[in-house]
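Quick notes on the structure that follows.
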Amino acid sequence: MKVLIELIVSFASTVGFGLVTNVPRRSLLPAGITGSLAWVAYYLVLQVDNGLILPNFTAAIVIGILGNISAVMFRVPVNMIYVPSLVSLVPGGILYLGMRSFTLGNEMRTGQYMFNALTIAIALAVGFVVAEVIFYRIKPILLRTLDKQKEN
């Protein structure tokens, strides 16, 4: 039940952020699906590994692969899928806490928060690179499948 709630809320937040950032309407549904499935992947991996790296890395791979597939299928730039899908993974809260502790003069906490934010950012970046490599292998198969569907 909790996973279903996570799925619905993450879909709504992804679509909502897509509306705010003015992505094309035809990319809202695939972005919402991509973002919600990435968040569920993040949530499920977080249940097994309570660290920062693996859940974010896994979610970035899901966004990267599904985002590229959606971009090809719906004929939109992949960034129109990526940007809304990433909204729930970006470490904005951690960065806020880091800047807050910096302004309050707590250097030790600032370092911890900034290190965590950097770790998440690197995990997301590496996940996207891995997803691009995987999609590079999948793309010819996807294009052949779509071409066959057009013929029928």
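Residue numbers start at 1 in each chain; chains themselves are named A, B, ... in the order of the structure tokens; ligands are numbered from 1 in the order shown.
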- prompt: Within 12 Å of Arg100 in chain A, counting only C-alpha atoms, which residues qualify if same-chain residues fewer than 3 places away don't, as a list in words?
  reply: Gly93, Ile94, Leu95, Tyr96, Leu97, Thr103, Leu104, Gly105, Asn106, Glu107, Arg109, Thr110, Gly111, Tyr113 and Met114 of chain A
### Task
Apply DSSP to the structure's backbone, then extract all residues of chain A labelled alpha helix (DSSP H) and return them as an MDAnalysis selection string.
chainID A and resid 2:20 28:48 53:74 79:86 92:103 107:151
Next on the checklist: I want to know what sits within 10 Å of range 55-62 of chain A, based on only C-alpha atoms, with residues of the same chain fewer than 3 positions away left out; could you give that as a PyMOL selection string?
Outcome noted: chain A and resi 34-52+65-68+82+85-86+89-90+119-132+134-135
- Nearby residues (only C-alpha atoms) at most 9 Å from range 72-81 of chain A, same-chain spacing under 5 positions excluded, as a ChimeraX atom specification: /A:18,23-24,26-28,30-32,34-35,63-64,66-67,86,139,142-143,146
Dump of N, CA and C atoms for the selected residues, as a PDB file, in the first residue's frame:
ATOM      1  N   GLY A  18       6.518  19.268 -14.285  1.00  0.00           N
ATOM      2  CA  GLY A  18       6.514  19.414 -15.745  1.00  0.00           C
ATOM      3  C   GLY A  18       5.634  20.568 -16.184  1.00  0.00           C
ATOM      4  N   VAL A  23       6.971  22.025 -19.891  1.00  0.00           N
ATOM      5  CA  VAL A  23       7.339  21.017 -20.877  1.00  0.00           C
ATOM      6  C   VAL A  23       6.132  20.771 -21.777  1.00  0.00           C
ATOM      7  N   PRO A  24       6.342  20.290 -22.998  1.00  0.00           N
ATOM      8  CA  PRO A  24       5.208  20.043 -23.893  1.00  0.00           C
ATOM      9  C   PRO A  24       4.204  19.070 -23.277  1.00  0.00           C
ATOM     10  N   ARG A  26       2.495  16.729 -24.495  1.00  0.00           N
ATOM     11  CA  ARG A  26       2.599  15.324 -24.917  1.00  0.00           C
ATOM     12  C   ARG A  26       3.685  14.565 -24.154  1.00  0.00           C
ATOM     13  N   SER A  27       4.570  15.285 -23.453  1.00  0.00           N
ATOM     14  CA  SER A  27       5.613  14.605 -22.687  1.00  0.00           C
ATOM     15  C   SER A  27       5.271  14.486 -21.204  1.00  0.00           C
ATOM     16  N   LEU A  28       4.135  15.013 -20.778  1.00  0.00           N
ATOM     17  CA  LEU A  28       3.781  14.953 -19.356  1.00  0.00           C
ATOM     18  C   LEU A  28       3.498  13.530 -18.877  1.00  0.00           C
ATOM     19  N   PRO A  30       4.509  10.502 -20.258  1.00  0.00           N
ATOM     20  CA  PRO A  30       5.718   9.674 -20.146  1.00  0.00           C
ATOM     21  C   PRO A  30       6.675  10.163 -19.054  1.00  0.00           C
ATOM     22  N   ALA A  31       6.744  11.460 -18.848  1.00  0.00           N
ATOM     23  CA  ALA A  31       7.601  11.969 -17.771  1.00  0.00           C
ATOM     24  C   ALA A  31       7.047  11.544 -16.417  1.00  0.00           C
ATOM     25  N   GLY A  32       5.736  11.609 -16.253  1.00  0.00           N
ATOM     26  CA  GLY A  32       5.124  11.187 -14.997  1.00  0.00           C
ATOM     27  C   GLY A  32       5.349   9.712 -14.707  1.00  0.00           C
ATOM     28  N   THR A  34       7.786   7.852 -15.966  1.00  0.00           N
ATOM     29  CA  THR A  34       9.220   7.674 -15.731  1.00  0.00           C
ATOM     30  C   THR A  34       9.603   8.119 -14.328  1.00  0.00           C
ATOM     31  N   GLY A  35       9.151   9.294 -13.933  1.00  0.00           N
ATOM     32  CA  GLY A  35       9.477   9.806 -12.605  1.00  0.00           C
ATOM     33  C   GLY A  35       8.917   8.949 -11.488  1.00  0.00           C
ATOM     34  N   ILE A  63      15.465   6.379 -14.809  1.00  0.00           N
ATOM     35  CA  ILE A  63      15.112   7.603 -15.546  1.00  0.00           C
ATOM     36  C   ILE A  63      15.814   7.627 -16.888  1.00  0.00           C
ATOM     37  N   GLY A  64      17.082   7.284 -16.904  1.00  0.00           N
ATOM     38  CA  GLY A  64      17.849   7.328 -18.147  1.00  0.00           C
ATOM     39  C   GLY A  64      17.312   6.393 -19.209  1.00  0.00           C
ATOM     40  N   LEU A  66      14.199   4.675 -19.251  1.00  0.00           N
ATOM     41  CA  LEU A  66      12.798   4.955 -19.590  1.00  0.00           C
ATOM     42  C   LEU A  66      12.643   6.312 -20.266  1.00  0.00           C
ATOM     43  N   GLY A  67      13.449   7.281 -19.858  1.00  0.00           N
ATOM     44  CA  GLY A  67      13.391   8.604 -20.480  1.00  0.00           C
ATOM     45  C   GLY A  67      13.786   8.555 -21.943  1.00  0.00           C
ATOM     46  N   LEU A  86      13.482  14.105 -12.573  1.00  0.00           N
ATOM     47  CA  LEU A  86      14.553  14.247 -11.587  1.00  0.00           C
ATOM     48  C   LEU A  86      14.154  15.047 -10.356  1.00  0.00           C
ATOM     49  N   LYS A 139      18.604   0.812 -28.355  1.00  0.00           N
ATOM     50  CA  LYS A 139      17.980   1.697 -29.335  1.00  0.00           C
ATOM     51  C   LYS A 139      17.724   1.048 -30.689  1.00  0.00           C
ATOM     52  N   LEU A 142      14.692  -1.119 -30.378  1.00  0.00           N
ATOM     53  CA  LEU A 142      13.499  -0.294 -30.195  1.00  0.00           C
ATOM     54  C   LEU A 142      13.056   0.317 -31.521  1.00  0.00           C
ATOM     55  N   LEU A 143      13.987   0.845 -32.282  1.00  0.00           N
ATOM     56  CA  LEU A 143      13.646   1.459 -33.570  1.00  0.00           C
ATOM     57  C   LEU A 143      13.081   0.435 -34.542  1.00  0.00           C
ATOM     58  N   LEU A 146       9.489  -0.292 -33.442  1.00  0.00           N
ATOM     59  CA  LEU A 146       8.591   0.799 -33.788  1.00  0.00           C
ATOM     60  C   LEU A 146       8.315   0.860 -35.282  1.00  0.00           C
TER      61      LEU A 146
END
Using only C-alpha atoms, the shortest atom-to-atom distance to Ser70 in chain A among A:Ala12, A:Leu29, A:Met1, A:Met99 belongs to A:Leu29
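Of note, CA of Pro91 in chain A and CA of Ala117 in chain A are spaced 5.7 Å apart.
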Judged by only C-alpha atoms, the minimum distance to Leu118 in chain A among A:Val87, A:Lys148, A:Gly98, A:Val9 is found for A:Gly98
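One distance worth recording is that between CA of Ser10 in chain A and CA of Gly92 in chain A, which is 16.0 Å.
Put simply, CA of Leu54 in chain A is 24.7 Å away from CA of Met108 in chain A.
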